[in-house]
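Chemist: My file is work11.txt. It has compact mmCIF, C-alpha atoms and all ligand atoms:
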```txt
# COMPACT_ATOMS: atom_id res chain seq x y z
CA MET A 565 6.72 -6.97 6.74
CA ALA A 566 5.86 -10.29 8.28
CA HIS A 567 4.68 -13.10 6.11
CA GLY A 568 1.09 -14.12 6.46
CA LYS A 569 0.03 -10.49 6.53
CA GLU A 570 0.86 -10.13 2.88
CA HIS A 571 -2.73 -9.72 1.82
CA HIS A 572 -2.98 -6.67 4.01
CA HIS A 573 0.55 -5.38 4.27
CA GLY A 574 1.84 -6.31 0.88
CA HIS A 575 3.29 -3.60 -1.23
CA ALA A 576 0.62 -1.65 -2.96
CA HIS A 577 1.93 -0.82 -6.37
CA GLY A 578 -0.07 -2.53 -9.06
CA HIS A 579 -2.56 -4.42 -6.92
CA GLY A 580 -5.88 -5.24 -8.52
CA ALA A 581 -9.09 -5.52 -6.55
CA PRO A 582 -9.43 -8.82 -4.68
CA GLU A 583 -12.28 -11.14 -5.62
CA TYR A 584 -14.30 -12.02 -2.54
CA ARG A 585 -16.72 -14.90 -2.93
CA PHE A 586 -18.25 -15.46 0.50
CA CYS A 587 -20.08 -13.28 3.01
CA PRO A 588 -17.85 -12.43 6.01
CA LYS A 589 -20.90 -12.46 8.32
CA CYS A 590 -22.68 -15.69 7.40
CA GLY A 591 -20.58 -17.45 4.77
CA GLY A 592 -23.27 -17.16 2.11
CA GLY A 593 -22.38 -16.53 -1.51
CA LEU A 594 -21.71 -12.97 -2.63
CA GLU A 595 -23.18 -11.69 -5.86
CA ARG A 596 -22.74 -8.43 -7.74
CA ARG A 597 -25.82 -6.28 -7.51
CA VAL A 598 -26.60 -2.62 -8.11
CA VAL A 599 -27.86 -1.42 -4.72
CA LYS A 600 -28.23 2.23 -5.58
CA ASN A 601 -28.64 3.64 -9.06
CA GLY A 602 -25.64 5.58 -10.25
CA GLU A 603 -23.25 3.70 -7.98
CA PRO A 604 -21.09 0.73 -8.91
CA ALA A 605 -22.46 -2.79 -8.36
CA ARG A 606 -21.78 -4.02 -4.81
CA LEU A 607 -21.01 -7.46 -3.49
CA VAL A 608 -24.22 -8.49 -1.73
CA CYS A 609 -24.77 -11.65 0.29
CA SER A 610 -27.49 -13.80 -1.28
CA ASP A 611 -28.41 -15.16 2.17
CA CYS A 612 -28.33 -12.28 4.68
CA ALA A 613 -28.22 -9.27 2.30
CA PHE A 614 -25.02 -7.97 3.91
CA ILE A 615 -23.37 -5.47 1.57
CA PHE A 616 -19.63 -5.98 1.36
CA TYR A 617 -18.32 -2.51 0.50
CA LEU A 618 -14.90 -2.59 -1.06
CA ASP A 619 -13.28 0.54 0.28
CA PRO A 620 -10.18 2.21 -1.09
CA LYS A 621 -6.89 1.28 0.53
CA VAL A 622 -4.47 3.92 1.67
CA VAL A 623 -0.79 3.58 0.86
CA ALA A 624 1.86 5.78 2.43
CA GLY A 625 5.27 6.24 0.89
CA THR A 626 8.31 8.47 1.04
CA VAL A 627 10.65 10.05 -1.45
CA PHE A 628 14.02 11.21 -0.20
CA THR A 629 17.60 11.54 -1.27
CA ILE A 630 20.99 10.56 0.07
CA ASP A 631 23.83 12.58 -1.43
CA ARG A 632 21.39 14.01 -3.96
CA ARG A 633 20.34 10.58 -5.13
CA VAL A 634 16.79 9.32 -4.86
CA VAL A 635 16.55 6.17 -2.75
CA LEU A 636 14.63 3.35 -4.37
CA LEU A 637 14.13 -0.31 -3.51
CA ARG A 638 13.99 -3.27 -5.82
CA ARG A 639 11.00 -5.48 -5.06
CA GLY A 640 11.75 -8.99 -3.81
CA VAL A 641 8.15 -10.24 -3.91
CA GLU A 642 5.15 -10.08 -6.16
CA PRO A 643 3.46 -7.95 -7.27
CA SER A 644 5.93 -6.01 -9.38
CA LEU A 645 8.82 -8.37 -8.59
CA GLY A 646 12.10 -6.82 -9.62
CA LYS A 647 10.69 -3.35 -10.08
CA TRP A 648 12.32 -0.31 -8.48
CA VAL A 649 9.92 1.53 -6.20
CA PHE A 650 10.00 4.13 -3.48
CA PRO A 651 9.53 2.86 0.09
CA GLY A 652 5.92 2.51 1.10
CA GLY A 653 3.05 0.25 2.01
CA TYR A 654 -0.45 0.00 3.37
CA VAL A 655 -1.65 2.14 6.24
CA ASP A 656 -3.11 0.06 9.06
CA ARG A 657 -6.59 0.85 10.31
CA GLY A 658 -6.18 3.23 13.24
CA GLU A 659 -2.65 4.21 12.23
CA SER A 660 -1.90 7.72 11.03
CA VAL A 661 -0.82 8.02 7.41
CA ALA A 662 2.35 9.79 8.54
CA ASP A 663 3.22 7.05 11.03
CA ALA A 664 2.70 4.43 8.34
CA ALA A 665 5.03 6.27 5.95
CA VAL A 666 7.78 6.31 8.58
CA ARG A 667 7.18 2.68 9.59
CA GLU A 668 7.11 1.32 6.05
CA THR A 669 10.24 3.24 5.13
CA LYS A 670 12.04 1.75 8.13
CA GLU A 671 10.83 -1.78 7.34
CA GLU A 672 11.84 -1.63 3.71
CA SER A 673 15.00 0.48 3.68
CA CYS A 674 16.21 0.27 7.33
CA LEU A 675 16.31 4.07 7.44
CA ASP A 676 14.72 6.42 9.92
CA VAL A 677 13.13 9.37 8.20
CA ARG A 678 11.53 12.62 9.24
CA LEU A 679 8.62 13.60 7.05
CA GLY A 680 8.38 16.85 5.15
CA PRO A 681 5.48 18.08 3.06
CA ILE A 682 3.22 15.83 1.04
CA VAL A 683 4.51 15.54 -2.52
CA GLY A 684 1.22 14.34 -3.86
CA VAL A 685 -1.81 12.10 -3.51
CA TYR A 686 -2.18 9.64 -6.34
CA SER A 687 -5.12 7.47 -7.33
CA TYR A 688 -6.17 5.86 -10.55
CA ALA A 689 -9.54 4.77 -11.91
CA GLY A 690 -9.93 1.02 -11.44
CA SER A 691 -7.28 0.79 -8.70
CA PRO A 692 -8.22 0.42 -5.02
CA ASN A 693 -5.14 2.29 -3.86
CA VAL A 694 -4.87 5.90 -2.77
CA ILE A 695 -1.18 6.69 -2.51
CA VAL A 696 0.05 9.48 -0.27
CA VAL A 697 3.68 10.38 -0.88
CA TYR A 698 5.72 12.47 1.52
CA ALA A 699 9.02 14.17 0.95
CA ALA A 700 11.35 13.01 3.72
CA GLU A 701 14.84 13.35 5.07
CA VAL A 702 17.01 10.66 6.56
CA VAL A 703 17.69 11.08 10.28
CA GLY A 704 19.11 7.66 11.14
CA GLY A 705 19.73 4.08 10.17
CA GLU A 706 21.77 2.65 7.35
CA LEU A 707 20.41 1.96 3.89
CA SER A 708 19.90 -1.73 3.21
CA ALA A 709 17.21 -3.93 1.78
CA GLY A 710 14.60 -4.76 4.41
CA ASP A 711 11.40 -6.77 4.18
CA GLU A 712 10.21 -7.45 0.65
CA SER A 713 13.24 -5.82 -0.95
CA VAL A 714 16.20 -7.51 -2.57
CA GLU A 715 18.24 -4.45 -3.27
CA ALA A 716 18.42 -0.87 -2.13
CA GLY A 717 20.01 1.75 -4.26
CA ALA A 718 20.39 5.47 -4.62
CA LEU A 719 19.71 6.43 -8.20
CA PRO A 720 20.56 9.83 -9.65
CA GLY A 721 17.61 12.07 -8.94
ZN ZN B 801 -24.39 -13.18 4.61
```
Show me, as C-alpha cells, the structure contained in the file I just sent.
Ligand SMILES: [Zn+2]

Modeler:
Amino acid sequence: MAHGKEHHHGHAHGHGAPEYRFCPKCGGGLERRVVKNGEPARLVCSDCAFIFYLDPKVVAGTVFTIDRRVVLLRRGVEPSLGKWVFPGGYVDRGESVADAAVRETKEESCLDVRLGPIVGVYSYAGSPNVIVVYAAEVVGGELSAGDESVEAGALPG
C-alpha cells in the first residue's frame, strides 16, 4: 500500500469513524443534526445544507493455510501496530470485493491466492467497517512481509 493513501487504504482493523469538520462541496462548517427521525444524526453543512453521509467501508480479507498453518501478518503501522492479523484491506470504489481480497493479500503477504467460499461477513455496532473474509488457497508467490507488515508467519491453525 502506497503512502499518502493511508486514510483510504490503511488497514481496517480497529479504525474509528473519522471526524470531518468541513463541507466537501463549499467548505462550510459541518454540524451534527438529526435529518430524519429514527436515524442517526448526520453531518450537515451549515452553509449549503449538504448532508455528508458517512457510509460503511468494506474490507476484504483472506484466511488460508500453508502446511496446515494459518498465515498471519504482524502490523508495521498504526492502527493496531504489532498485532497479528489476516491479510486484508479496504475495497476501492468500483473494485469487486473478491478482487480486493486477492490484491490486498498480494500486497501484504506477497502471495497469490485463489479465493474459495466466504467464511463470514463481520460488522460491529459503532464501527464503520464491514469485513468480508474469504477462505483462500495459495497458488503462487513466496510468503514475506509486504506493505504495512513487519513480519509474516504461519501460526498453528
Ligand atoms: Zn456546504

Chemist: Measure the distance from CA of Phe614 (chain A) to CA of Ser687 (chain A) in Å and round it to one decimal.

Modeler: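 Taking CA of Phe614 (chain A) as the start and CA of Ser687 (chain A) as the end point, the length is 27.6 Å.
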
Chemist: Which residues are near Ala699 (chain A)? Cut-off 10 Å, only C-alpha atoms, ignore same chain within fewer than 3 positions. Put them as a ChimeraX atom specification.

Modeler: /A:625-629,677-684

Chemist: Could you list, as a PyMOL selection string, all the residues within 8 Å of ligand ZN 801 (chain B), counting all atoms listed in the file?

Modeler: chain A and resi 586-594+608-614

Chemist: Quick one: distance from CA of Glu706 (chain A) to CA of Leu719 (chain A) in Å, one decimal?

Modeler: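 If I compute the distance from CA of Glu706 (chain A) to CA of Leu719 (chain A), I get 16.1 Å.
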
Chemist: Go through A:Glu672, A:Ala605, A:Lys600, A:Pro620 and flag the residue nearest Gly690 (chain A), using all atoms listed in the file for the distances.

Modeler: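 Among the listed residues, the smallest separation from Gly690 (chain A) belongs to A:Pro620.
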
Chemist: Identify, on the basis of all atoms listed in the file, every residue whose closest approach to region 642-650 of chain A does not exceed 12 Å; exclude the query and any residue fewer than 2 positions from it along the same chain; express the result as number ranges by chain.

Modeler: A: 570-571, 574-580, 623-629, 634-640, 652-653, 665, 668-669, 672-673, 695-700, 709, 712-719

Chemist: Mind pulling up the distance from CA of Leu618 (chain A) to CA of Pro604 (chain A)?

Modeler: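 Atom-to-atom, CA of Pro604 (chain A) to CA of Leu618 (chain A), that is 10.5 Å.
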
Chemist: Restricting the calculation to all atoms listed in the file: of A:Val702, A:Val655, A:Val694, A:Val661, which residue gets closest to Asp676 (chain A)?

Modeler: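 That would be A:Val702, the residue with the smallest distance to Asp676 (chain A).
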
Chemist: Using only C-alpha atoms, pick whichever of A:Ala689, A:Ala664, A:Ile630, A:Val598 has the shortest atom-to-atom distance to Gly704 (chain A).

Modeler: A:Ile630
